[in-house]
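This is upload-v7.cif (mmCIF, C-alpha atoms and all ligand atoms).
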data_input
#
loop_
_atom_site.label_atom_id
_atom_site.label_comp_id
_atom_site.auth_asym_id
_atom_site.auth_seq_id
_atom_site.Cartn_x
_atom_site.Cartn_y
_atom_site.Cartn_z
CA MET X 1 33.26 15.98 9.63
CA ALA X 2 31.14 14.05 12.11
CA THR X 3 27.57 14.02 13.36
CA LEU X 4 27.16 14.08 17.14
CA VAL X 5 24.49 11.60 18.22
CA THR X 6 23.15 12.44 21.69
CA GLY X 7 21.37 9.49 23.31
CA GLY X 8 23.04 7.24 20.73
CA SER X 9 22.96 4.20 23.00
CA GLY X 10 19.15 4.19 23.21
CA PHE X 11 16.58 2.36 21.10
CA ILE X 12 16.31 4.72 18.12
CA GLY X 13 19.82 6.14 18.59
CA SER X 14 21.60 2.77 18.35
CA HIS X 15 19.73 1.87 15.15
CA THR X 16 20.56 5.27 13.70
CA CYS X 17 24.24 4.79 14.54
CA VAL X 18 24.20 1.52 12.56
CA GLU X 19 22.62 3.17 9.51
CA MET X 20 25.00 6.15 9.69
CA LEU X 21 28.09 3.94 9.96
CA ASN X 22 26.90 1.60 7.20
CA ALA X 23 26.49 4.64 4.97
CA GLY X 24 30.10 5.63 5.66
CA ARG X 25 29.30 8.59 7.94
CA GLU X 26 31.43 9.65 10.88
CA ILE X 27 29.65 9.74 14.22
CA VAL X 28 30.45 10.71 17.79
CA VAL X 29 28.14 9.38 20.51
CA VAL X 30 27.32 10.91 23.87
CA ASP X 31 25.04 9.18 26.38
CA ASN X 32 24.75 9.06 30.17
CA TYR X 33 23.12 5.57 30.02
CA CYS X 34 20.25 6.68 32.26
CA ASN X 35 17.92 4.62 30.05
CA SER X 36 20.27 2.41 28.06
CA ASN X 37 23.21 0.07 28.28
CA PRO X 38 26.63 0.72 26.70
CA GLU X 39 26.46 -2.87 25.44
CA ALA X 40 24.20 -1.48 22.68
CA LEU X 41 27.12 0.56 21.34
CA ARG X 42 29.47 -2.44 21.52
CA ARG X 43 26.96 -4.27 19.34
CA VAL X 44 26.73 -1.31 16.95
CA ARG X 45 30.49 -1.76 16.42
CA GLU X 46 30.06 -5.52 16.04
CA LEU X 47 27.29 -5.09 13.44
CA THR X 48 29.09 -2.46 11.36
CA GLY X 49 32.76 -3.36 11.90
CA LYS X 50 33.36 0.36 12.46
CA ASP X 51 34.61 2.38 15.40
CA PHE X 52 33.67 5.84 16.68
CA PRO X 53 34.34 8.10 19.66
CA GLN X 54 31.98 7.39 22.55
CA TYR X 55 31.54 9.63 25.61
CA GLU X 56 29.75 8.86 28.86
CA ALA X 57 28.36 12.28 29.81
CA ASP X 58 25.17 14.11 30.54
CA VAL X 59 24.20 16.52 27.76
CA ARG X 60 23.34 19.05 30.49
CA ASP X 61 27.03 19.05 31.52
CA LYS X 62 28.27 22.02 29.52
CA ALA X 63 31.97 21.44 30.24
CA ALA X 64 31.74 17.82 29.10
CA LEU X 65 29.81 18.74 25.96
CA SER X 66 32.26 21.54 25.11
CA ARG X 67 35.14 19.08 25.39
CA ILE X 68 33.38 16.75 22.93
CA PHE X 69 33.06 19.60 20.43
CA GLU X 70 36.71 20.57 20.98
CA GLU X 71 38.00 17.03 20.47
CA ASN X 72 35.95 16.30 17.34
CA ASP X 73 35.02 18.00 14.07
CA ILE X 74 31.25 18.14 14.53
CA ASP X 75 29.14 19.81 11.84
CA SER X 76 25.69 18.40 12.72
CA VAL X 77 23.83 16.90 15.66
CA ILE X 78 21.05 14.34 16.03
CA HIS X 79 19.51 14.99 19.43
CA PHE X 80 17.85 11.85 20.82
CA ALA X 81 18.83 12.31 24.48
CA GLY X 82 15.82 12.80 26.70
CA LEU X 83 13.35 11.08 28.98
CA LYS X 84 10.35 9.58 27.17
CA ALA X 85 7.88 7.77 29.43
CA VAL X 86 4.51 9.55 29.39
CA GLY X 87 3.21 8.13 32.71
CA GLU X 88 6.49 8.73 34.53
CA SER X 89 6.52 12.34 33.27
CA VAL X 90 3.22 12.93 35.07
CA GLN X 91 4.80 11.64 38.32
CA MET X 92 8.15 13.41 37.83
CA PRO X 93 7.54 16.63 35.88
CA ILE X 94 10.58 18.44 37.27
CA GLU X 95 12.94 15.69 36.11
CA TYR X 96 11.34 15.71 32.65
CA PHE X 97 11.51 19.48 32.17
CA ASP X 98 15.02 19.54 33.60
CA ASN X 99 16.41 16.72 31.46
CA ASN X 100 14.68 17.44 28.17
CA LEU X 101 14.74 21.24 28.17
CA ILE X 102 18.11 21.89 29.84
CA SER X 103 19.89 19.28 27.71
CA THR X 104 18.56 20.99 24.58
CA LEU X 105 19.49 24.50 25.77
CA VAL X 106 23.00 23.47 26.79
CA LEU X 107 23.44 21.66 23.48
CA LEU X 108 22.31 24.74 21.53
CA GLU X 109 24.69 27.00 23.50
CA VAL X 110 27.65 24.73 22.86
CA MET X 111 26.69 24.36 19.19
CA ARG X 112 26.60 28.16 18.91
CA GLU X 113 30.02 28.47 20.54
CA HIS X 114 31.41 26.06 17.95
CA GLY X 115 29.59 27.43 14.91
CA CYS X 116 27.57 24.22 14.46
CA LYS X 117 24.20 25.08 12.92
CA ARG X 118 22.55 21.80 11.90
CA LEU X 119 20.26 19.96 14.30
CA VAL X 120 17.93 17.02 13.80
CA PHE X 121 15.55 16.77 16.75
CA SER X 122 13.45 13.81 18.00
CA SER X 123 9.97 15.25 18.21
CA SER X 124 6.79 13.23 18.40
CA ALA X 125 3.32 12.92 16.88
CA THR X 126 2.12 13.81 20.38
CA VAL X 127 2.55 17.52 19.44
CA TYR X 128 -0.56 17.25 17.22
CA GLY X 129 -2.76 16.80 20.28
CA ALA X 130 -6.38 15.71 20.08
CA GLY X 131 -8.02 18.21 17.75
CA ASN X 132 -6.84 17.05 14.30
CA GLN X 133 -8.30 14.38 12.02
CA PRO X 134 -5.78 11.87 10.64
CA PRO X 135 -3.91 11.56 8.35
CA LEU X 136 -1.93 14.22 10.23
CA THR X 137 -0.04 16.76 8.12
CA GLU X 138 2.69 19.11 9.28
CA GLU X 139 0.55 22.16 8.43
CA MET X 140 -2.12 21.23 10.98
CA PRO X 141 -2.36 23.40 14.10
CA LEU X 142 -0.48 21.94 17.03
CA GLY X 143 -2.55 20.68 19.93
CA THR X 144 -2.17 21.05 23.65
CA PRO X 145 -0.09 18.17 24.97
CA THR X 146 -1.76 16.32 27.83
CA ASN X 147 1.36 15.44 29.82
CA PRO X 148 4.77 16.91 30.75
CA TYR X 149 6.63 14.64 28.30
CA GLY X 150 4.53 15.89 25.39
CA ARG X 151 4.93 19.47 26.62
CA THR X 152 8.71 19.17 26.52
CA LYS X 153 8.49 18.15 22.85
CA SER X 154 6.21 21.10 21.99
CA MET X 155 8.39 23.52 23.98
CA ILE X 156 11.58 22.33 22.29
CA GLU X 157 9.92 22.70 18.87
CA ASP X 158 9.08 26.31 19.88
CA ILE X 159 12.63 26.95 21.09
CA LEU X 160 14.03 25.70 17.79
CA ARG X 161 11.57 27.76 15.72
CA ASP X 162 12.55 30.87 17.71
CA LEU X 163 16.23 30.10 17.28
CA CYS X 164 15.79 29.80 13.51
CA VAL X 165 14.13 33.23 13.43
CA ALA X 166 17.10 34.72 15.30
CA ASP X 167 19.80 32.87 13.38
CA LYS X 168 19.02 32.73 9.68
CA GLU X 169 21.81 30.19 9.09
CA PHE X 170 20.46 27.62 11.55
CA SER X 171 18.76 24.47 10.26
CA ALA X 172 16.47 22.54 12.63
CA VAL X 173 14.69 19.45 11.35
CA LEU X 174 11.89 18.51 13.75
CA LEU X 175 11.20 14.85 13.10
CA ARG X 176 7.77 13.88 14.40
CA TYR X 177 7.90 10.15 15.01
CA PHE X 178 4.77 8.07 15.04
CA ASN X 179 5.03 4.66 16.81
CA PRO X 180 8.52 3.16 16.42
CA ILE X 181 8.68 -0.62 16.90
CA GLY X 182 10.71 -3.51 15.45
CA ALA X 183 14.44 -4.04 15.85
CA HIS X 184 17.53 -4.55 13.74
CA PRO X 185 16.94 -7.73 11.65
CA SER X 186 20.11 -9.26 13.15
CA GLY X 187 18.40 -9.44 16.54
CA ARG X 188 21.51 -7.87 18.16
CA ILE X 189 20.01 -4.48 19.10
CA GLY X 190 16.46 -3.53 20.02
CA GLU X 191 14.23 -1.86 22.57
CA ASN X 192 15.17 -2.49 26.18
CA PRO X 193 12.50 -0.93 28.40
CA ASN X 194 12.97 -0.70 32.16
CA GLY X 195 10.34 -2.45 34.26
CA ILE X 196 6.91 -3.34 32.94
CA PRO X 197 6.49 -1.77 29.48
CA ASN X 198 3.79 0.81 28.84
CA ASN X 199 3.95 0.62 25.07
CA LEU X 200 2.16 -2.03 23.08
CA MET X 201 4.91 -3.91 21.22
CA PRO X 202 7.33 -4.40 24.13
CA TYR X 203 4.36 -5.57 26.19
CA VAL X 204 3.40 -8.08 23.48
CA THR X 205 6.95 -9.45 23.19
CA GLN X 206 7.23 -9.83 26.97
CA VAL X 207 3.97 -11.79 27.03
CA ALA X 208 5.28 -13.88 24.14
CA VAL X 209 8.54 -14.64 25.98
CA GLY X 210 6.62 -15.57 29.17
CA ARG X 211 7.70 -12.64 31.36
CA LEU X 212 4.11 -11.32 31.55
CA PRO X 213 0.95 -13.48 31.64
CA LYS X 214 -1.31 -11.68 29.16
CA LEU X 215 -1.88 -8.49 27.23
CA SER X 216 -4.70 -6.09 28.10
CA VAL X 217 -6.17 -4.49 24.97
CA PHE X 218 -7.24 -1.05 26.14
CA GLY X 219 -10.74 -0.56 24.77
CA ASP X 220 -12.64 -2.23 21.91
CA ASP X 221 -15.47 0.30 21.63
CA TYR X 222 -13.72 3.07 19.70
CA ASP X 223 -15.15 4.30 16.42
CA THR X 224 -12.63 2.30 14.35
CA PRO X 225 -13.09 -0.78 12.12
CA ASP X 226 -12.54 -3.33 14.91
CA GLY X 227 -13.17 -1.01 17.87
CA THR X 228 -9.48 -0.85 18.97
CA CYS X 229 -7.24 2.19 18.47
CA LEU X 230 -5.38 2.83 15.23
CA ARG X 231 -1.69 3.78 15.25
CA ASP X 232 1.00 4.35 12.65
CA TYR X 233 3.64 1.77 13.60
CA ILE X 234 7.00 2.34 11.93
CA HIS X 235 9.98 -0.02 11.78
CA VAL X 236 12.90 1.45 13.72
CA VAL X 237 15.30 0.76 10.83
CA ASP X 238 13.12 2.85 8.49
CA LEU X 239 12.99 5.53 11.16
CA ALA X 240 16.79 5.42 11.55
CA ARG X 241 17.25 5.87 7.79
CA GLY X 242 14.99 8.90 7.95
CA HIS X 243 17.58 10.52 10.23
CA LEU X 244 20.31 10.00 7.67
CA CYS X 245 18.16 11.76 5.07
CA ALA X 246 17.40 14.56 7.54
CA VAL X 247 21.08 15.14 8.31
CA ASP X 248 21.79 15.41 4.57
CA TYR X 249 18.80 17.70 4.07
CA SER X 250 20.01 20.05 6.82
CA ALA X 251 23.23 20.69 4.85
CA ASN X 252 21.31 22.66 2.22
CA HIS X 253 18.45 24.05 4.26
CA THR X 254 17.91 26.78 6.83
CA GLY X 255 14.99 27.40 9.16
CA ALA X 256 12.85 25.05 11.24
CA GLU X 257 11.14 22.26 9.32
CA ALA X 258 8.73 19.80 10.93
CA ILE X 259 8.58 16.45 9.14
CA ASN X 260 6.47 13.39 9.99
CA LEU X 261 8.18 10.02 10.07
CA GLY X 262 5.48 7.39 9.75
CA THR X 263 4.20 4.90 7.19
CA GLY X 264 0.86 6.61 6.63
CA GLU X 265 -0.99 3.39 7.56
CA GLY X 266 -3.17 3.06 10.64
CA TYR X 267 -3.22 -0.43 12.17
CA SER X 268 -5.38 -1.41 15.11
CA VAL X 269 -4.18 -3.00 18.34
CA LEU X 270 -5.78 -6.28 17.23
CA ASP X 271 -4.18 -6.03 13.75
CA LEU X 272 -0.81 -5.84 15.45
CA VAL X 273 -1.46 -8.66 17.91
CA LYS X 274 -2.89 -10.96 15.23
CA THR X 275 -0.06 -10.20 12.79
CA PHE X 276 2.44 -10.91 15.56
CA MET X 277 0.83 -14.28 16.27
CA LYS X 278 0.68 -15.19 12.57
CA VAL X 279 4.23 -14.30 11.50
CA ASN X 280 5.81 -15.74 14.64
CA GLU X 281 3.50 -18.79 14.73
CA MET X 282 2.67 -18.42 18.40
CA ASP X 283 -0.15 -17.48 20.71
CA VAL X 284 -0.24 -14.19 22.64
CA PRO X 285 -2.98 -14.37 25.27
CA TYR X 286 -4.97 -11.16 25.56
CA VAL X 287 -8.10 -9.80 27.21
CA ILE X 288 -10.18 -6.76 26.37
CA ALA X 289 -9.75 -4.17 29.13
CA PRO X 290 -11.17 -0.69 29.74
CA ARG X 291 -9.91 2.26 27.70
CA ARG X 292 -6.64 3.87 28.86
CA ASP X 293 -6.92 7.54 29.83
CA GLY X 294 -5.57 9.92 27.21
CA ASP X 295 -5.64 7.49 24.25
CA LEU X 296 -6.90 8.86 20.94
CA PRO X 297 -8.93 6.56 18.65
CA ALA X 298 -6.77 7.09 15.55
CA VAL X 299 -3.32 8.60 15.06
CA TYR X 300 -1.54 8.15 11.73
CA SER X 301 0.59 10.33 9.52
CA CYS X 302 0.53 11.77 6.08
CA PRO X 303 4.10 10.84 5.06
CA ASP X 304 4.17 12.94 1.84
CA LYS X 305 6.36 15.76 3.13
CA ALA X 306 9.14 13.35 4.14
CA LYS X 307 9.06 11.87 0.65
CA ARG X 308 9.06 15.29 -0.99
CA LEU X 309 11.79 16.95 1.11
CA LEU X 310 13.91 14.03 2.22
CA GLY X 311 13.31 11.53 -0.59
CA TRP X 312 12.52 9.06 2.20
CA GLU X 313 9.88 6.33 2.27
CA THR X 314 9.37 3.37 4.56
CA GLU X 315 10.33 -0.07 3.28
CA TYR X 316 9.17 -2.37 6.07
CA GLY X 317 5.59 -3.41 6.81
CA LEU X 318 3.81 -4.62 9.94
CA GLU X 319 4.91 -8.24 9.36
CA GLU X 320 8.60 -7.31 9.40
CA MET X 321 8.04 -5.12 12.45
CA CYS X 322 6.46 -8.07 14.31
CA ARG X 323 9.10 -10.52 13.10
CA ASP X 324 12.04 -8.33 14.09
CA SER X 325 10.61 -7.30 17.47
CA TRP X 326 10.21 -10.97 18.35
CA ASN X 327 13.60 -11.95 16.94
CA TRP X 328 15.21 -9.36 19.24
CA GLN X 329 13.17 -10.37 22.31
CA LYS X 330 13.63 -14.13 21.92
CA ASN X 331 17.40 -13.81 21.41
CA ASN X 332 17.72 -11.34 24.30
CA PRO X 333 15.05 -12.30 26.83
CA ASN X 334 16.60 -9.93 29.38
CA GLY X 335 17.49 -7.21 26.92
CA PHE X 336 21.15 -6.18 27.19
CA ASN X 337 21.39 -7.59 30.71
CA ALA X 338 22.88 -11.05 30.18
P1 LIG W 401 15.73 5.80 24.74
O1 LIG W 401 15.41 6.09 26.15
O2 LIG W 401 15.98 4.38 24.35
O3 LIG W 401 17.00 6.66 24.28
C1 LIG W 401 17.31 7.92 24.85
C2 LIG W 401 18.79 7.89 25.20
O4 LIG W 401 19.17 9.15 25.74
C3 LIG W 401 19.12 6.83 26.26
O5 LIG W 401 20.24 6.10 25.84
C4 LIG W 401 19.42 7.66 27.52
O6 LIG W 401 20.36 7.00 28.34
C5 LIG W 401 19.97 8.94 26.91
N1 LIG W 401 19.80 10.15 27.72
C6 LIG W 401 18.68 10.62 28.32
N2 LIG W 401 18.92 11.78 28.93
C7 LIG W 401 20.23 12.07 28.72
C8 LIG W 401 21.08 13.14 29.08
N3 LIG W 401 20.63 14.17 29.82
N4 LIG W 401 22.36 13.11 28.68
C9 LIG W 401 22.84 12.08 27.94
N5 LIG W 401 22.09 11.04 27.56
C10 LIG W 401 20.80 11.04 27.94
O7 LIG W 401 14.58 6.42 23.84
P2 LIG W 401 14.28 6.25 22.29
O8 LIG W 401 13.04 5.46 22.16
O9 LIG W 401 15.49 5.82 21.57
O10 LIG W 401 13.89 7.76 21.95
C11 LIG W 401 14.86 8.67 21.46
C12 LIG W 401 14.21 10.04 21.36
O11 LIG W 401 13.07 9.96 20.51
C13 LIG W 401 13.72 10.61 22.69
O12 LIG W 401 13.94 12.01 22.69
C14 LIG W 401 12.23 10.33 22.64
O13 LIG W 401 11.49 11.24 23.42
C15 LIG W 401 11.94 10.48 21.17
N6 LIG W 401 10.73 9.76 20.75
C16 LIG W 401 10.65 8.42 20.99
C17 LIG W 401 9.50 7.73 20.62
C18 LIG W 401 9.38 6.25 20.89
O14 LIG W 401 8.28 5.72 20.78
N7 LIG W 401 10.44 5.52 21.20
C19 LIG W 401 8.44 8.40 20.01
C20 LIG W 401 8.56 9.78 19.76
C21 LIG W 401 9.73 10.44 20.15
C1 LIG W 402 2.51 6.60 23.53
C2 LIG W 402 2.45 8.00 24.02
C3 LIG W 402 3.19 8.91 23.05
C4 LIG W 402 4.62 8.41 22.86
C5 LIG W 402 4.58 6.96 22.40
C6 LIG W 402 5.94 6.37 22.28
C7 LIG W 402 0.36 8.17 25.28
C8 LIG W 402 -1.03 8.72 25.31
N1 LIG W 402 1.06 8.40 24.16
O1 LIG W 402 1.85 6.52 22.28
O2 LIG W 402 3.23 10.23 23.56
O3 LIG W 402 5.28 9.22 21.90
O4 LIG W 402 3.85 6.18 23.35
O5 LIG W 402 6.56 6.28 23.52
O6 LIG W 402 0.80 7.54 26.22
N2 LIG W 402 -2.15 -0.61 24.16
C9 LIG W 402 -2.87 -1.67 24.66
N3 LIG W 402 -2.31 -2.40 25.65
C10 LIG W 402 -1.09 -2.13 26.19
C11 LIG W 402 -0.35 -1.03 25.67
C12 LIG W 402 -0.93 -0.28 24.66
O7 LIG W 402 -3.97 -1.96 24.21
O8 LIG W 402 -0.63 -2.83 27.11
C13 LIG W 402 -2.74 0.19 23.06
C14 LIG W 402 -2.95 1.64 23.42
O9 LIG W 402 -4.20 1.84 23.99
C15 LIG W 402 -2.81 2.30 22.05
C16 LIG W 402 -1.83 1.39 21.28
O10 LIG W 402 -1.83 0.15 21.99
O11 LIG W 402 -4.04 2.26 21.40
C17 LIG W 402 -0.43 1.95 21.22
O12 LIG W 402 -0.04 2.30 22.53
P1 LIG W 402 1.45 2.75 22.88
O13 LIG W 402 2.42 1.76 22.33
O14 LIG W 402 1.51 3.02 24.34
O15 LIG W 402 1.66 4.08 22.04
P2 LIG W 402 0.77 5.42 22.01
O16 LIG W 402 -0.21 5.45 23.11
O17 LIG W 402 0.29 5.60 20.64
#
Structure rendered as structure tokens:
Amino acid sequence: MATLVTGGSGFIGSHTCVEMLNAGREIVVVDNYCNSNPEALRRVRELTGKDFPQYEADVRDKAALSRIFEENDIDSVIHFAGLKAVGESVQMPIEYFDNNLISTLVLLEVMREHGCKRLVFSSSATVYGAGNQPPLTEEMPLGTPTNPYGRTKSMIEDILRDLCVADKEFSAVLLRYFNPIGAHPSGRIGENPNGIPNNLMPYVTQVAVGRLPKLSVFGDDYDTPDGTCLRDYIHVVDLARGHLCAVDYSANHTGAEAINLGTGEGYSVLDLVKTFMKVNEMDVPYVIAPRRDGDLPAVYSCPDKAKRLLGWETEYGLEEMCRDSWNWQKNNPNGFNA
């Protein structure tokens, strides 16, 4: 029996494929490479010494997805495929609703046609919105997302909760990621953003490698210890292992279960930048800039539910995240493009 990994060539997907294969699991990958490079999957094979079926297809293509289910024995799905850039989603809402919602609906239809009832979904801490005080727990009321990307995550959570009401045998694990950074310690796979990065860590590594002149720290007048925003950064390898636990959990569970994947620690922008400079023994020039619209002062998780239900805890700290992000960037200054 295999787990279908949609979006398996992407940042979190490729790391999850490595952890699944190293744990002896069978996987099947589908990706249309709209935001990734198939080279990532070649390197997954290189790192693990294992092979797996790989399909170039859009998850919205029902005929293609049906063929994948017909050609493989799939009993569970990890659904990473989707568009994820907050700013772009404001400019291109139709593309975001189309890709993220339709891919999920087509996937659920094909799963139903093949009697597959276990789904692990990539949700996001963004569903908590602005009204809750951290540490954020899964029982807190969900907020109103401020952008189309966030809305797709909330809407898909709703769809999956409704599905689990209608089908009592269905298991949906809604993994709410906090801020994934870092890379595989080998430096062979990592995050490969298109264009100028919006997120903090890829911006820092591109300044460090000389592709960008300096970092702008967005705001130092928040009500936090050093005035910069607090986030719950999580090493992508820890995050990937959380998916393995979630797939196992879904085998003996029904219903929709939201679970945070974070460390439970809030680090500031300056904590991250200074740790990066220290562990990598280099300077990262930065300036203090105005606040960025939509940023919350502090977002970090309560990770207790993941420990209780999945038996999962993070192993890596901020130093390893900074070390491995840099190791990936310096060995692959142009990402997967040679
Ligand atoms: P990513 O862009 O690196 O990976 C997504 C993958 O899905 C890419 O390989 C892309 O080519 C593929 N894809 C997109 N639409 C597709 C489609 N219709 N059919 C087939 N393949 C398709 O992103 P990531 O950082 O690995 O994120 C994975 C998931 O986790 C996404 O759903 C994202 O929204 C979610 N998430 C990410 C973060 C983060 O900070 N990276 C935080 C919270 C949630
Ligand atoms: C953002 C998204 C979130 C998404 C996540 C991962 C918003 C409001 N939230 O989270 O929905 O799930 O990315 O894709 O966009 N920072 C700087 N300088 C920079 C970049 C960032 O100071 O050049 C600061 C930000 O102000 C923030 C922190 O670094 O305080 C982290 O930012 P980022 O990596 O973009 O993640 P989030 O905003 O937490």
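Straight-line separation from atom CA of X:Arg60 to atom CA of X:Ile94: 14.5 Å.
The shell of residues at most 9 Å from X:Ile68, with all atoms listed in the file counted and near chain neighbours (fewer than 2 positions) removed, consists of Leu4, Val28, Val30, Tyr55, Ala63, Ala64, Leu65, Ser66, Glu70, Glu71, Asn72 and Ile74 of chain X.
Nearest residue to X:Thr263, choosing from X:Ala23, X:Leu318, X:Val247, X:Leu215 and counting all atoms listed in the file: X:Leu318.
Distance check against ligand LIG 401 (chain W) using only C-alpha atoms and all ligand atoms: of X:Arg161, X:Arg188, X:Arg151, X:Lys214, the minimum falls on X:Arg151.
For X:Asn192, the list of residues within 10 Å, based on all atoms listed in the file and with local chain neighbours fewer than 5 positions off taken out, reads Gly10, Phe11, Asn35, Ser36, Asn37, Ala40, Pro197, Pro202, Trp328, Gln329, Asn332, Pro333, Asn334, Gly335, Phe336 and Asn337 of chain X.
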Shell of 8 Å around ligand LIG 401 (chain W) (all atoms listed in the file), written as a count of residues only = 50
Compile a residue-level contact table for chain X against ligand LIG 402 (chain W) at a cut-off of 6 Å, reporting for every qualifying residue the shortest atom pair and its distance in Å to one decimal, with all atoms listed in the file counted, rows ordered by chain and ascending number, as a Markdown table.
| residue | atom | partner | partner_atom | distance |
| --- | --- | --- | --- | --- |
| X:Val86 | CA | W:LIG402 | O6 | 5.3 |
| X:Ser124 | CA | W:LIG402 | O3 | 5.5 |
| X:Thr126 | CA | W:LIG402 | O2 | 4.9 |
| X:Asn179 | CA | W:LIG402 | C6 | 5.8 |
| X:Asn198 | CA | W:LIG402 | O14 | 5.5 |
| X:Asn199 | CA | W:LIG402 | O13 | 3.3 |
| X:Leu200 | CA | W:LIG402 | C11 | 3.7 |
| X:Tyr203 | CA | W:LIG402 | O8 | 5.8 |
| X:Leu215 | CA | W:LIG402 | O8 | 5.8 |
| X:Ser216 | CA | W:LIG402 | N3 | 5.0 |
| X:Val217 | CA | W:LIG402 | O7 | 3.4 |
| X:Phe218 | CA | W:LIG402 | O7 | 3.9 |
| X:Cys229 | CA | W:LIG402 | O11 | 4.3 |
| X:Val269 | CA | W:LIG402 | O10 | 5.4 |
| X:Arg292 | CA | W:LIG402 | O9 | 5.8 |
| X:Gly294 | CA | W:LIG402 | C8 | 5.1 |
| X:Asp295 | CA | W:LIG402 | C8 | 4.9 |
Serialized selection, C-alpha atoms, as a JSON list (two decimals), in the coordinates of the input:
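Written file, again.json:
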[["chain", "number", "residue", "atom", "x", "y", "z"],
["X", 86, "VAL", "CA", 4.51, 9.55, 29.39],
["X", 124, "SER", "CA", 6.79, 13.23, 18.40],
["X", 126, "THR", "CA", 2.12, 13.81, 20.38],
["X", 179, "ASN", "CA", 5.03, 4.66, 16.81],
["X", 198, "ASN", "CA", 3.79, 0.81, 28.84],
["X", 199, "ASN", "CA", 3.95, 0.62, 25.07],
["X", 200, "LEU", "CA", 2.16, -2.03, 23.08],
["X", 203, "TYR", "CA", 4.36, -5.57, 26.19],
["X", 215, "LEU", "CA", -1.88, -8.49, 27.23],
["X", 216, "SER", "CA", -4.70, -6.09, 28.10],
["X", 217, "VAL", "CA", -6.17, -4.49, 24.97],
["X", 218, "PHE", "CA", -7.24, -1.05, 26.14],
["X", 229, "CYS", "CA", -7.24, 2.19, 18.47],
["X", 269, "VAL", "CA", -4.18, -3.00, 18.34],
["X", 292, "ARG", "CA", -6.64, 3.87, 28.86],
["X", 294, "GLY", "CA", -5.57, 9.92, 27.21],
["X", 295, "ASP", "CA", -5.64, 7.49, 24.25]]
Reconstruct all heavy atoms of stretch 75-79 of chain X; output as a CSV table (one decimal), in the frame of the given file.
chain,number,residue,atom,x,y,z
X,75,ASP,N,29.9,18.8,12.7
X,75,ASP,CA,29.1,19.8,11.8
X,75,ASP,C,27.6,19.7,11.9
X,75,ASP,O,26.9,20.5,11.4
X,75,ASP,CB,29.6,19.8,10.4
X,75,ASP,CG,29.2,18.5,9.7
X,75,ASP,OD1,28.7,17.5,10.3
X,75,ASP,OD2,29.4,18.4,8.4
X,76,SER,N,27.1,18.6,12.6
X,76,SER,CA,25.7,18.4,12.7
X,76,SER,C,25.4,17.5,14.0
X,76,SER,O,26.3,16.8,14.4
X,76,SER,CB,25.1,17.7,11.5
X,76,SER,OG,25.9,16.5,11.2
X,77,VAL,N,24.2,17.6,14.4
X,77,VAL,CA,23.8,16.9,15.7
X,77,VAL,C,22.5,16.2,15.5
X,77,VAL,O,21.5,16.8,14.9
X,77,VAL,CB,23.7,17.9,16.9
X,77,VAL,CG1,23.3,17.1,18.1
X,77,VAL,CG2,25.0,18.6,17.1
X,78,ILE,N,22.4,15.0,15.9
X,78,ILE,CA,21.0,14.3,16.0
X,78,ILE,C,20.8,14.2,17.5
X,78,ILE,O,21.6,13.6,18.2
X,78,ILE,CB,21.0,12.9,15.4
X,78,ILE,CG1,21.5,13.0,13.9
X,78,ILE,CG2,19.5,12.4,15.4
X,78,ILE,CD1,21.5,11.6,13.3
X,79,HIS,N,19.7,14.9,18.0
X,79,HIS,CA,19.5,15.0,19.4
X,79,HIS,C,18.4,14.0,19.9
X,79,HIS,O,17.2,14.4,19.9
X,79,HIS,CB,19.2,16.4,19.7
X,79,HIS,CG,19.0,16.7,21.2
X,79,HIS,ND1,19.6,16.1,22.2
X,79,HIS,CD2,18.1,17.6,21.8
X,79,HIS,CE1,19.2,16.6,23.4
X,79,HIS,NE2,18.3,17.5,23.2
